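Novice: File start_37.cif below, mmCIF, C-alpha atoms:
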data_input
#
loop_
_atom_site.group_PDB
_atom_site.id
_atom_site.type_symbol
_atom_site.label_atom_id
_atom_site.label_comp_id
_atom_site.auth_asym_id
_atom_site.auth_seq_id
_atom_site.Cartn_x
_atom_site.Cartn_y
_atom_site.Cartn_z
ATOM 1 C CA ARG A 10 98.951 91.948 103.701
ATOM 2 C CA TYR A 11 97.975 93.632 106.940
ATOM 3 C CA TYR A 12 94.299 93.820 107.869
ATOM 4 C CA HIS A 13 92.084 95.630 110.331
ATOM 5 C CA PRO A 14 91.232 93.109 113.094
ATOM 6 C CA GLU A 15 87.602 92.919 111.942
ATOM 7 C CA ASP A 16 88.648 92.182 108.346
ATOM 8 C CA ALA A 17 91.422 89.703 109.138
ATOM 9 C CA PRO A 18 91.208 86.274 107.498
ATOM 10 C CA ASP A 19 90.230 83.339 109.701
ATOM 11 C CA ASP A 20 93.613 81.651 109.250
ATOM 12 C CA GLU A 21 95.576 82.596 112.396
ATOM 13 C CA SER A 22 98.574 80.410 111.563
ATOM 14 C CA GLU A 23 100.696 83.355 110.412
ATOM 15 C CA GLY A 24 100.152 85.446 113.547
ATOM 16 C CA THR A 25 99.003 88.991 114.119
ATOM 17 C CA PRO A 26 100.188 91.888 111.947
ATOM 18 C CA ILE A 27 102.591 93.008 114.697
ATOM 19 C CA GLU A 28 104.084 89.502 114.891
ATOM 20 C CA LYS A 29 104.498 89.480 111.094
ATOM 21 C CA LEU A 30 106.200 92.882 111.218
ATOM 22 C CA GLY A 31 108.687 91.560 113.789
ATOM 23 C CA LYS A 32 109.735 88.812 111.356
ATOM 24 C CA LEU A 33 110.697 91.279 108.620
ATOM 25 C CA ASN A 34 114.397 92.049 108.588
ATOM 26 C CA ASN A 35 114.834 95.107 106.333
ATOM 27 C CA ILE A 36 112.506 98.085 106.817
ATOM 28 C CA VAL A 37 112.852 101.561 105.296
ATOM 29 C CA VAL A 38 111.037 104.690 106.514
ATOM 30 C CA LEU A 39 110.793 107.761 104.231
ATOM 31 C CA LEU A 40 109.142 110.997 105.388
ATOM 32 C CA CYS A 41 108.870 114.045 103.151
ATOM 33 C CA HIS A 42 106.757 117.139 103.746
ATOM 34 C CA GLY A 43 107.119 120.901 103.450
ATOM 35 C CA GLY A 44 110.807 120.940 102.592
ATOM 36 C CA TYR A 45 111.712 118.450 105.341
ATOM 37 C CA PHE A 46 113.023 115.004 104.446
ATOM 38 C CA SER A 47 113.958 112.167 106.749
ATOM 39 C CA ALA A 48 114.864 108.571 105.916
ATOM 40 C CA ALA A 49 116.116 105.568 107.849
ATOM 41 C CA VAL A 50 117.007 101.965 107.082
ATOM 42 C CA PHE A 51 116.486 99.347 109.782
ATOM 43 C CA GLN A 52 117.815 95.803 109.881
ATOM 44 C CA GLY A 53 115.955 94.172 112.716
ATOM 45 C CA LYS A 54 116.157 96.662 115.598
ATOM 46 C CA ASN A 55 119.348 98.330 114.360
ATOM 47 C CA VAL A 56 119.562 101.537 112.331
ATOM 48 C CA VAL A 57 121.867 100.876 109.379
ATOM 49 C CA ALA A 58 121.619 104.273 107.682
ATOM 50 C CA HIS A 59 119.751 107.520 108.198
ATOM 51 C CA LYS A 60 119.605 110.936 106.560
ATOM 52 C CA THR A 61 117.697 114.158 107.198
ATOM 53 C CA PHE A 62 117.713 117.534 105.497
ATOM 54 C CA HIS A 63 115.567 120.644 105.180
ATOM 55 C CA HIS A 64 115.197 123.348 102.559
ATOM 56 C CA TYR A 65 113.193 126.566 102.656
ATOM 57 C CA VAL A 66 110.411 125.852 100.127
ATOM 58 C CA THR A 67 107.170 126.965 101.819
ATOM 59 C CA ARG A 68 105.609 130.397 101.750
ATOM 60 C CA LYS A 69 105.639 131.662 105.338
ATOM 61 C CA LYS A 70 102.196 132.599 106.692
ATOM 62 C CA GLN A 71 100.698 131.777 103.292
ATOM 63 C CA GLY A 72 101.055 128.003 103.303
ATOM 64 C CA GLY A 73 102.054 125.666 100.510
ATOM 65 C CA ARG A 74 105.139 125.197 98.422
ATOM 66 C CA GLN A 75 106.333 127.830 95.990
ATOM 67 C CA SER A 76 105.659 125.539 93.011
ATOM 68 C CA SER A 77 102.012 125.225 94.112
ATOM 69 C CA LYS A 78 101.674 129.010 94.031
ATOM 70 C CA ASP A 79 103.408 129.154 90.645
ATOM 71 C CA LYS A 80 100.910 126.671 89.175
ATOM 72 C CA THR A 81 98.020 129.079 89.841
ATOM 73 C CA GLY A 82 99.341 131.332 87.064
ATOM 74 C CA LYS A 83 100.426 134.089 89.438
ATOM 75 C CA LYS A 84 104.144 133.500 89.410
ATOM 76 C CA PRO A 85 105.800 135.934 91.858
ATOM 77 C CA LYS A 86 109.115 137.426 90.763
ATOM 78 C CA SER A 87 110.386 138.305 94.232
ATOM 79 C CA GLY A 88 113.766 137.299 95.585
ATOM 80 C CA GLY A 89 112.122 135.019 98.153
ATOM 81 C CA ALA A 90 110.140 133.208 95.463
ATOM 82 C CA SER A 91 113.322 132.640 93.445
ATOM 83 C CA ILE A 92 115.095 131.237 96.504
ATOM 84 C CA ARG A 93 112.175 128.876 97.219
ATOM 85 C CA ARG A 94 112.133 127.651 93.590
ATOM 86 C CA TYR A 95 115.872 127.024 93.710
ATOM 87 C CA ASN A 96 115.524 125.198 97.047
ATOM 88 C CA GLU A 97 112.706 122.985 95.720
ATOM 89 C CA GLN A 98 114.983 121.824 92.893
ATOM 90 C CA LYS A 99 117.883 121.322 95.315
ATOM 91 C CA HIS A 100 115.578 119.326 97.647
ATOM 92 C CA LEU A 101 114.521 117.067 94.777
ATOM 93 C CA ASN A 102 118.131 116.572 93.640
ATOM 94 C CA GLU A 103 119.187 115.526 97.161
ATOM 95 C CA ILE A 104 116.349 112.992 97.316
ATOM 96 C CA ARG A 105 117.368 111.562 93.932
ATOM 97 C CA GLU A 106 121.004 111.359 95.035
ATOM 98 C CA LEU A 107 119.947 109.548 98.216
ATOM 99 C CA PHE A 108 117.932 107.034 96.163
ATOM 100 C CA ARG A 109 120.995 106.449 94.000
ATOM 101 C CA ALA A 110 123.248 105.961 97.050
ATOM 102 C CA TRP A 111 120.716 103.782 98.879
ATOM 103 C CA LYS A 112 119.662 101.721 95.855
ATOM 104 C CA GLN A 113 120.768 98.474 97.498
ATOM 105 C CA TYR A 114 118.899 99.238 100.740
ATOM 106 C CA LEU A 115 115.728 100.216 98.875
ATOM 107 C CA ASN A 116 115.789 97.182 96.570
ATOM 108 C CA ASN A 117 116.388 94.777 99.464
ATOM 109 C CA ALA A 118 113.737 96.271 101.769
ATOM 110 C CA ASP A 119 110.982 93.930 102.922
ATOM 111 C CA LEU A 120 108.705 96.851 103.762
ATOM 112 C CA ILE A 121 108.858 100.589 103.023
ATOM 113 C CA PHE A 122 106.835 103.052 105.106
ATOM 114 C CA THR A 123 106.288 106.453 103.495
ATOM 115 C CA HIS A 124 104.680 109.784 104.300
ATOM 116 C CA ILE A 125 104.607 111.641 100.996
ATOM 117 C CA PRO A 126 101.899 114.226 100.250
ATOM 118 C CA GLN A 127 100.133 113.965 96.917
ATOM 119 C CA SER A 128 101.997 116.969 95.512
ATOM 120 C CA ASN A 129 105.342 115.178 96.106
ATOM 121 C CA ARG A 130 104.366 111.707 94.890
ATOM 122 C CA GLY A 131 105.730 112.342 91.393
ATOM 123 C CA ASP A 132 109.179 112.822 92.947
ATOM 124 C CA PHE A 133 109.102 109.278 94.362
ATOM 125 C CA PHE A 134 106.883 107.128 92.115
ATOM 126 C CA HIS A 135 106.976 106.301 88.419
ATOM 127 C CA ASP A 136 104.636 104.173 86.337
ATOM 128 C CA ALA A 137 106.774 101.488 84.697
ATOM 129 C CA LYS A 138 104.943 99.383 82.209
ATOM 130 C CA ASN A 139 106.305 95.907 81.439
ATOM 131 C CA SER A 140 108.713 95.928 84.350
ATOM 132 C CA SER A 141 110.297 92.553 84.963
ATOM 133 C CA GLU A 142 110.736 93.122 88.706
ATOM 134 C CA PRO A 143 107.708 94.797 90.341
ATOM 135 C CA SER A 144 109.433 95.368 93.697
ATOM 136 C CA LYS A 145 112.637 97.037 92.551
ATOM 137 C CA LEU A 146 113.570 100.640 91.897
ATOM 138 C CA ILE A 147 113.140 101.913 88.360
ATOM 139 C CA LYS A 148 115.982 103.765 86.667
ATOM 140 C CA THR A 149 114.796 106.307 84.120
ATOM 141 C CA SER A 150 116.668 107.385 81.017
ATOM 142 C CA LYS A 151 117.950 110.413 82.968
ATOM 143 C CA GLY A 152 119.500 108.118 85.581
ATOM 144 C CA CYS A 153 116.969 108.901 88.328
ATOM 145 C CA TYR A 154 115.584 106.162 90.567
ATOM 146 C CA TYR A 155 111.904 105.851 91.477
ATOM 147 C CA PHE A 156 109.579 103.394 93.183
ATOM 148 C CA GLN A 157 107.072 101.667 90.947
ATOM 149 C CA LYS A 158 103.494 102.779 91.569
ATOM 150 C CA ASP A 159 102.372 99.190 92.163
ATOM 151 C CA ASP A 160 105.225 98.228 94.524
ATOM 152 C CA GLU A 161 103.508 96.174 97.234
ATOM 153 C CA ARG A 162 106.264 96.852 99.761
ATOM 154 C CA VAL A 163 105.358 100.541 99.967
ATOM 155 C CA ARG A 164 102.870 101.417 102.722
ATOM 156 C CA PRO A 165 101.555 104.849 103.711
ATOM 157 C CA LEU A 166 102.453 106.064 107.175
ATOM 158 C CA PRO A 167 99.580 108.347 108.189
ATOM 159 C CA PHE A 168 100.331 111.246 110.482
ATOM 160 C CA SER A 169 99.483 114.910 110.391
ATOM 161 C CA THR A 170 102.173 117.558 110.303
#
As structure tokens, please, write out the structure in this file.

Specialist:
Amino acid sequence: RYYHPEDAPDDESEGTPIEKLGKLNNIVVLLCHGGYFSAAVFQGKNVVAHKTFHHYVTRKKQGGRQSSKDKTGKKPKSGGASIRRYNEQKHLNEIRELFRAWKQYLNNADLIFTHIPQSNRGDFFHDAKNSSEPSKLIKTSKGCYYFQKDDERVRPLPFST
């Protein structure tokens, strides 16, 4: 666990949080917001794998994803809205395919930093009851991989976009 300096335990034998982070070998960073996705796998200081992609899913000058607008009950039938809906599904499928391809990296990660807005969390996390391995990816009946909600390796990476 990493603590704020004022809340840190008195036992200094393990070192500071930065020193602990330097001892971890496999770190994954996942960033997803507004149709942009970026991921990287680090082993020590080396980048082992990385992937980025972008899809047009946000309503220009109106803010928010198309699915958020659709949930209000006012589902636009314009060509642009249809393209954004299609791109949201394509974006999700690419993320799922990446999880499938990177299953070994994600299962072996010591620490996983994420920036995932609340509206996207369902695309990444799944509540698995009675799971035998709390820090492994879950495979659903549809063959999709998710992180477990209580996976202690996953840490939020706060930054504003």

Novice: Mind checking which residues fall within 8 Å of range 91-104 of chain A, counting all atoms listed in the file, ignoring those fewer than 2 positions away in the same chain, and posting them as a PyMOL selection string?

Specialist: chain A and resi 44+63-67+75-76+86-89+106-108+132

Novice: Restricting the calculation to all atoms listed in the file: of A:Tyr114, A:Arg105, A:His124, A:Thr149, which residue gets closest to Ser47 in chain A?

Specialist: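 Comparing A:Tyr114, A:Arg105, A:His124, A:Thr149 against Ser47 in chain A, the winner is A:His124.
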
Novice: May I have the residues at most 12 Å from (98.7, 114.3, 106.3) in the file's coordinates, counting all atoms listed in the file, as a ChimeraX atom specification?

Specialist: /A:40-43,123-128,165-170

Novice: Counting all atoms listed in the file, I want the residues whose atoms come within 10 Å of (105.3, 107.6, 85.1) in the file frame, returned as a list in words.

Specialist: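 Residues found, by chain and rising number: Gly131, Phe134, His135, Asp136, Ala137, Lys138, Thr149, Tyr155, Gln157 and Lys158 of chain A.
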
Novice: When you draw a straight line from CA of Leu146 in chain A to CA of Asp119 in chain A, how long is it in Å?

Specialist: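 Interatomic distance, CA of Leu146 in chain A to CA of Asp119 in chain A: 13.2 Å.
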
Novice: Can you measure CA of Gly53 in chain A to CA of Asn129 in chain A for me? One decimal in Å is fine.

Specialist: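 Distance reported for this atom pair: 28.8 Å.
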
Novice: Select, from A:Val163, A:Leu120, A:Cys153, A:Val57, the residue with the minimum atom-to-atom distance to Ile36 in chain A, counting only C-alpha atoms.

Specialist: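 Closest to Ile36 in chain A, using only C-alpha atoms: A:Leu120.
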
Novice: Please measure the separation of CA of Lys32 in chain A and CA of Thr61 in chain A, giving the value in Å to one decimal.

Specialist: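 So the two atoms, CA of Lys32 in chain A and CA of Thr61 in chain A, lie 26.9 Å apart.
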
Novice: Skipping near chain neighbours, those fewer than 5 positions away, what residues fall within 8 Å of Val38 in chain A using only C-alpha atoms, listed as number ranges by chain?

Specialist: A: 48-50, 121-123
